[in-house]
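Step one of this worksheet: look at the structure below.
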Amino acid sequence: MNILRHYNTFRHVLTVCLLAALLAACASKKNLNQGTLDNNATATGTEMPMEKRNNVVRDVIAQSVYARNIVAKMKFSVSMDGRNVSLDGKLQMRRDQVIRLQLAPLGLVEVARIEFTPDEVLFMDRVHKEYVREKYSRVSFLQRNGLDFYSLQALFWNQLFVPGEKQVGEMQIDHFKAFDANPRVLSLARGPLKLSWYTQKGSSAEGRILKTEALYDDNSHSQLSWQYNEFKALGQRQFPTQHQIDVKTNATKKEKHATVSLRLDKMSMDDSWEAETKVSQKYKKVELDDLLKQIL
């Protein structure tokens with residue numbers, strides 16, 4: 001087993017997660033606290049009147065899984081900088097608490113861990129016994145780009161989100177516009193940030209999110225496309241077992257294009273795991289900015 005190859009894969013997955021998170025909440029904290037949502041996002045189709053729009057948003061909310069925990073075996077396929085690699089892993093998510101990606105070649109030995117919680121990020125390199133654990137407010141890369149855990153959580157959980165809000169309910173419906181196309185499109189925008197959700201129309205899966213797009217149209221010209229396929233039962237709802245994430249950005253001063261395909265298997269709502277990762281004293285703490293400079 002080539003440990004170095006898998007470690008480089010970890011770096012690629014880490015990069016894609018960071019870029020996706022950047023786009024999930026790329027409105028800065030300053031912008032989240034000032035100004036109002038601008039619903040001039042570009043979308044095709046005929047804009048729906050308010051009452052019909054409200055019903056469409058409610059349909060999308062109703063498709064959300066009720067599970068508190070989602071656990072699955074996962075296959076990563078990562079393409080970046082002309083490299084294509086695949087790696088086994090595991091996904092563990094506990095609503096409003098943690099998103100955890102564990103990388104384990106052949107599903108045997110964990111070589112790396114990427115973990116997002118509402119307050120901090122954790123990256124563990126088990127090969128070199130190094131880790132980064134910082135609050136978002138102390139990590140300049142994340143702070144500059146307004147990383148928001150709840151937006152990233154919504155992308156992984158196949159749900160709507162409003163930057164700066166923990167969840168989408170009745171109080172957030174007015175933030176969206178709806179366009180009567182096939183698939184239907186929900187959109188919202190704030191300044192350079194444009195968000196669109198493409199949702200299923202005219203079936204028992206009415207309102208299911210098929211794709212989420214984010215465009216941050218400033219000097220970075222960053223784009224995110226997160227597609228969902230192969231929905232399978234999880235509790236009383238359906239959850240996508242295939243996620244394809246395409247990220248393009250110039251935010252790092254050099255154009256980056258990364259694609260990750262996540263294939264989930266053996267999904268469950270298992271809750272017999274700890275949400276908090278405890279790092280051994282044998283690990284050396286390093287600065288995230290230094291790690292990012294090496295990766296990006």
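Each chain in the structure tokens gets a letter, A, B, ..., in the order shown, and its residues are numbered from 1; ligands are numbered from 1 in order too.
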*asked:* Could you pull out the strand (DSSP E) residues of range 43-109 of chain A, going by DSSP on the backbone, and write them as an MDAnalysis selection string?
replied: chainID A and resid 46:47 69:80 83:94 98:103
Next, dump the selected residues to file, keeping only N, CA, C and O atoms, as a short mmCIF file (atom, residue, chain, number, x, y, z; two decimals), in the first residue's frame.
data_model
loop_
_atom_site.label_atom_id
_atom_site.label_comp_id
_atom_site.auth_asym_id
_atom_site.auth_seq_id
_atom_site.Cartn_x
_atom_site.Cartn_y
_atom_site.Cartn_z
N THR A 46 -40.23 31.02 -15.88
CA THR A 46 -41.13 32.09 -15.46
C THR A 46 -41.15 32.18 -13.94
O THR A 46 -41.36 31.19 -13.26
N GLU A 47 -40.95 33.38 -13.42
CA GLU A 47 -40.96 33.54 -11.97
C GLU A 47 -42.37 33.30 -11.42
O GLU A 47 -43.37 33.78 -11.96
N ASN A 69 -28.56 11.39 12.56
CA ASN A 69 -27.25 10.87 12.18
C ASN A 69 -27.31 10.25 10.79
O ASN A 69 -28.29 9.58 10.45
N ILE A 70 -26.24 10.46 10.00
CA ILE A 70 -26.08 9.77 8.73
C ILE A 70 -24.66 9.18 8.73
O ILE A 70 -23.68 9.92 8.89
N VAL A 71 -24.59 7.88 8.55
CA VAL A 71 -23.30 7.19 8.53
C VAL A 71 -23.27 6.33 7.27
O VAL A 71 -24.26 5.68 6.93
N ALA A 72 -22.13 6.33 6.57
CA ALA A 72 -22.04 5.53 5.34
C ALA A 72 -20.60 5.21 5.00
O ALA A 72 -19.69 6.00 5.31
N LYS A 73 -20.40 4.07 4.36
CA LYS A 73 -19.14 3.80 3.71
C LYS A 73 -19.07 4.70 2.48
O LYS A 73 -20.10 5.02 1.88
N MET A 74 -17.88 5.10 2.09
CA MET A 74 -17.80 6.05 1.00
C MET A 74 -16.58 5.79 0.12
O MET A 74 -15.50 5.46 0.60
N LYS A 75 -16.79 5.93 -1.19
CA LYS A 75 -15.71 5.85 -2.17
C LYS A 75 -15.44 7.26 -2.72
O LYS A 75 -16.34 7.90 -3.25
N PHE A 76 -14.20 7.74 -2.55
CA PHE A 76 -13.80 9.03 -3.08
C PHE A 76 -13.17 8.82 -4.46
O PHE A 76 -12.29 7.98 -4.61
N SER A 77 -13.60 9.62 -5.41
CA SER A 77 -12.89 9.70 -6.69
C SER A 77 -12.54 11.17 -6.88
O SER A 77 -13.44 12.01 -7.01
N VAL A 78 -11.26 11.48 -6.87
CA VAL A 78 -10.80 12.86 -6.85
C VAL A 78 -10.01 13.17 -8.11
O VAL A 78 -9.11 12.41 -8.49
N SER A 79 -10.35 14.28 -8.77
CA SER A 79 -9.60 14.73 -9.94
C SER A 79 -9.19 16.18 -9.72
O SER A 79 -10.04 17.05 -9.50
N MET A 80 -7.88 16.44 -9.77
CA MET A 80 -7.38 17.79 -9.57
C MET A 80 -5.96 17.88 -10.09
O MET A 80 -5.16 16.96 -9.92
N ARG A 83 -4.54 14.97 -11.92
CA ARG A 83 -4.40 13.70 -11.21
C ARG A 83 -5.78 13.11 -10.95
O ARG A 83 -6.71 13.84 -10.62
N ASN A 84 -5.88 11.80 -11.06
CA ASN A 84 -7.13 11.10 -10.79
C ASN A 84 -6.84 9.95 -9.84
O ASN A 84 -6.07 9.06 -10.17
N VAL A 85 -7.44 10.01 -8.65
CA VAL A 85 -7.21 8.97 -7.66
C VAL A 85 -8.53 8.58 -7.00
O VAL A 85 -9.48 9.35 -6.98
N SER A 86 -8.57 7.38 -6.45
CA SER A 86 -9.73 6.90 -5.73
C SER A 86 -9.29 6.36 -4.38
O SER A 86 -8.18 5.81 -4.26
N LEU A 87 -10.15 6.47 -3.41
CA LEU A 87 -9.80 6.04 -2.07
C LEU A 87 -11.06 5.70 -1.30
O LEU A 87 -12.08 6.37 -1.43
N ASP A 88 -11.01 4.66 -0.50
CA ASP A 88 -12.14 4.30 0.35
C ASP A 88 -12.19 5.22 1.56
O ASP A 88 -11.19 5.83 1.95
N GLY A 89 -13.35 5.30 2.16
CA GLY A 89 -13.49 6.14 3.34
C GLY A 89 -14.81 5.93 4.04
O GLY A 89 -15.56 5.01 3.73
N LYS A 90 -15.09 6.81 4.96
CA LYS A 90 -16.31 6.74 5.75
C LYS A 90 -16.80 8.15 6.02
O LYS A 90 -16.01 9.06 6.28
N LEU A 91 -18.11 8.33 5.94
CA LEU A 91 -18.74 9.61 6.23
C LEU A 91 -19.58 9.46 7.49
O LEU A 91 -20.39 8.54 7.60
N GLN A 92 -19.38 10.36 8.44
CA GLN A 92 -20.20 10.41 9.65
C GLN A 92 -20.70 11.84 9.84
O GLN A 92 -19.89 12.78 9.88
N MET A 93 -22.00 12.00 9.94
CA MET A 93 -22.58 13.33 10.14
C MET A 93 -23.62 13.27 11.26
O MET A 93 -24.46 12.38 11.28
N ARG A 94 -23.54 14.22 12.15
CA ARG A 94 -24.55 14.38 13.19
C ARG A 94 -25.07 15.81 13.07
O ARG A 94 -24.29 16.76 13.16
N VAL A 98 -21.47 17.85 13.67
CA VAL A 98 -20.21 17.48 13.02
C VAL A 98 -20.43 16.91 11.62
O VAL A 98 -21.44 16.25 11.35
N ILE A 99 -19.48 17.20 10.73
CA ILE A 99 -19.33 16.53 9.43
C ILE A 99 -17.94 15.94 9.45
O ILE A 99 -16.95 16.66 9.56
N ARG A 100 -17.84 14.63 9.34
CA ARG A 100 -16.54 13.96 9.48
C ARG A 100 -16.28 13.06 8.27
O ARG A 100 -17.11 12.22 7.93
N LEU A 101 -15.14 13.26 7.63
CA LEU A 101 -14.71 12.42 6.53
C LEU A 101 -13.44 11.70 6.94
O LEU A 101 -12.45 12.34 7.30
N GLN A 102 -13.50 10.38 6.91
CA GLN A 102 -12.36 9.56 7.29
C GLN A 102 -11.84 8.85 6.04
O GLN A 102 -12.62 8.23 5.31
N LEU A 103 -10.55 8.95 5.80
CA LEU A 103 -9.94 8.31 4.63
C LEU A 103 -9.18 7.08 5.07
O LEU A 103 -8.28 7.17 5.92
#
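Residues in contact range of Gly82 in chain A, defined as at most 12 Å between only C-alpha atoms, with sequence neighbours fewer than 4 positions away removed, read A:His12, A:Val78, A:Lys256, A:His257, A:Ala258, A:Thr259.
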Tell me, counting only C-alpha atoms, for each residue of range 208-274 of chain A within 10 Å of range 179-185 of chain A, which pair of atoms is nearest and how far apart they are in Å to one decimal, in rows ordered by chain and increasing number, as CSV.
residue,atom,partner,partner_atom,distance
A:Arg208,CA,A:Pro183,CA,9.8
A:Ile209,CA,A:Pro183,CA,9.4
A:Leu210,CA,A:Pro183,CA,8.4
A:Lys211,CA,A:Val185,CA,9.7
A:Thr212,CA,A:Val185,CA,9.7
*asked:* Need the shell around Gln172 in chain A: protein/DNA/RNA residues with any atom at most 8 Å away, counting only C-alpha atoms. Skip same-chain ones fewer than 4 positions apart. Format as a VMD selection string?
replied: chain A and resid 162 168 176
Take the residues that were just selected and, keeping N, CA, C and O atoms, output them as a PDB file, in the first residue's frame.
ATOM      1  N   VAL A 162     -29.656  29.376   3.676  1.00  0.00           N
ATOM      2  CA  VAL A 162     -29.527  30.821   3.532  1.00  0.00           C
ATOM      3  C   VAL A 162     -28.261  31.215   4.281  1.00  0.00           C
ATOM      4  O   VAL A 162     -28.142  30.912   5.473  1.00  0.00           O
ATOM      5  N   VAL A 168     -33.514  26.393   7.281  1.00  0.00           N
ATOM      6  CA  VAL A 168     -34.523  27.038   6.450  1.00  0.00           C
ATOM      7  C   VAL A 168     -35.894  26.543   6.878  1.00  0.00           C
ATOM      8  O   VAL A 168     -36.170  25.345   6.858  1.00  0.00           O
ATOM      9  N   PHE A 176     -36.249  33.466  -0.946  1.00  0.00           N
ATOM     10  CA  PHE A 176     -36.091  32.756  -2.215  1.00  0.00           C
ATOM     11  C   PHE A 176     -37.005  33.310  -3.306  1.00  0.00           C
ATOM     12  O   PHE A 176     -38.081  33.832  -3.032  1.00  0.00           O
TER      13      PHE A 176
END
*Give me, please, the distance in Å between CA of Glu115 in chain A and CA of Thr277 in chain A, quoted to one decimal.*
8.6 Å
*At what distance in Å, to one decimal, does CA of Ser204 in chain A lie from CA of Val57 in chain A?*
15.7 Å
*For Arg133 in chain A, work out the shell of residues within 12 Å, counting only C-alpha atoms and skipping chain neighbours fewer than 5 positions away, then give it as a ChimeraX atom specification.*
/A:113-117,119-125,138-139,277-279,283-289,291
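Relative to CA of Leu160 in chain A, CA of Asp148 in chain A is found at 13.8 Å.
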*Could you give me, as a list in words, the residues within 10 Å of Gln242 in chain A, counting only C-alpha atoms and dropping anything in the same chain fewer than 3 positions from it?*
Met74, Lys75, Gln227, Tyr228, Asn229, Glu230, Phe231, Lys232, Phe239, Ile245, Ser261, Leu262, Arg263, Leu264 and Asp265 of chain A
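Neighbouring residues of Arg58 in chain A at 9 Å or closer, counting only C-alpha atoms and skipping chain neighbours under 6 positions away, are Gly169, Glu170, Ile173 and Gly207 of chain A.
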Output C-alpha atoms for every residue in the selection just made, as a PDB file, in the first residue's frame.
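Ended up saving to out27.pdb:
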ATOM      1  CA  GLY A 169     -38.112  27.190   7.695  1.00  0.00           C
ATOM      2  CA  GLU A 170     -41.186  29.397   7.351  1.00  0.00           C
ATOM      3  CA  ILE A 173     -39.154  31.407   2.693  1.00  0.00           C
ATOM      4  CA  GLY A 207     -39.221  19.189  -4.502  1.00  0.00           C
TER       5      GLY A 207
END
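Nearest to Arg190 in chain A of all the residues A:Tyr150, A:Trp273, A:Tyr131, A:Tyr216 is A:Tyr216, counting only C-alpha atoms.
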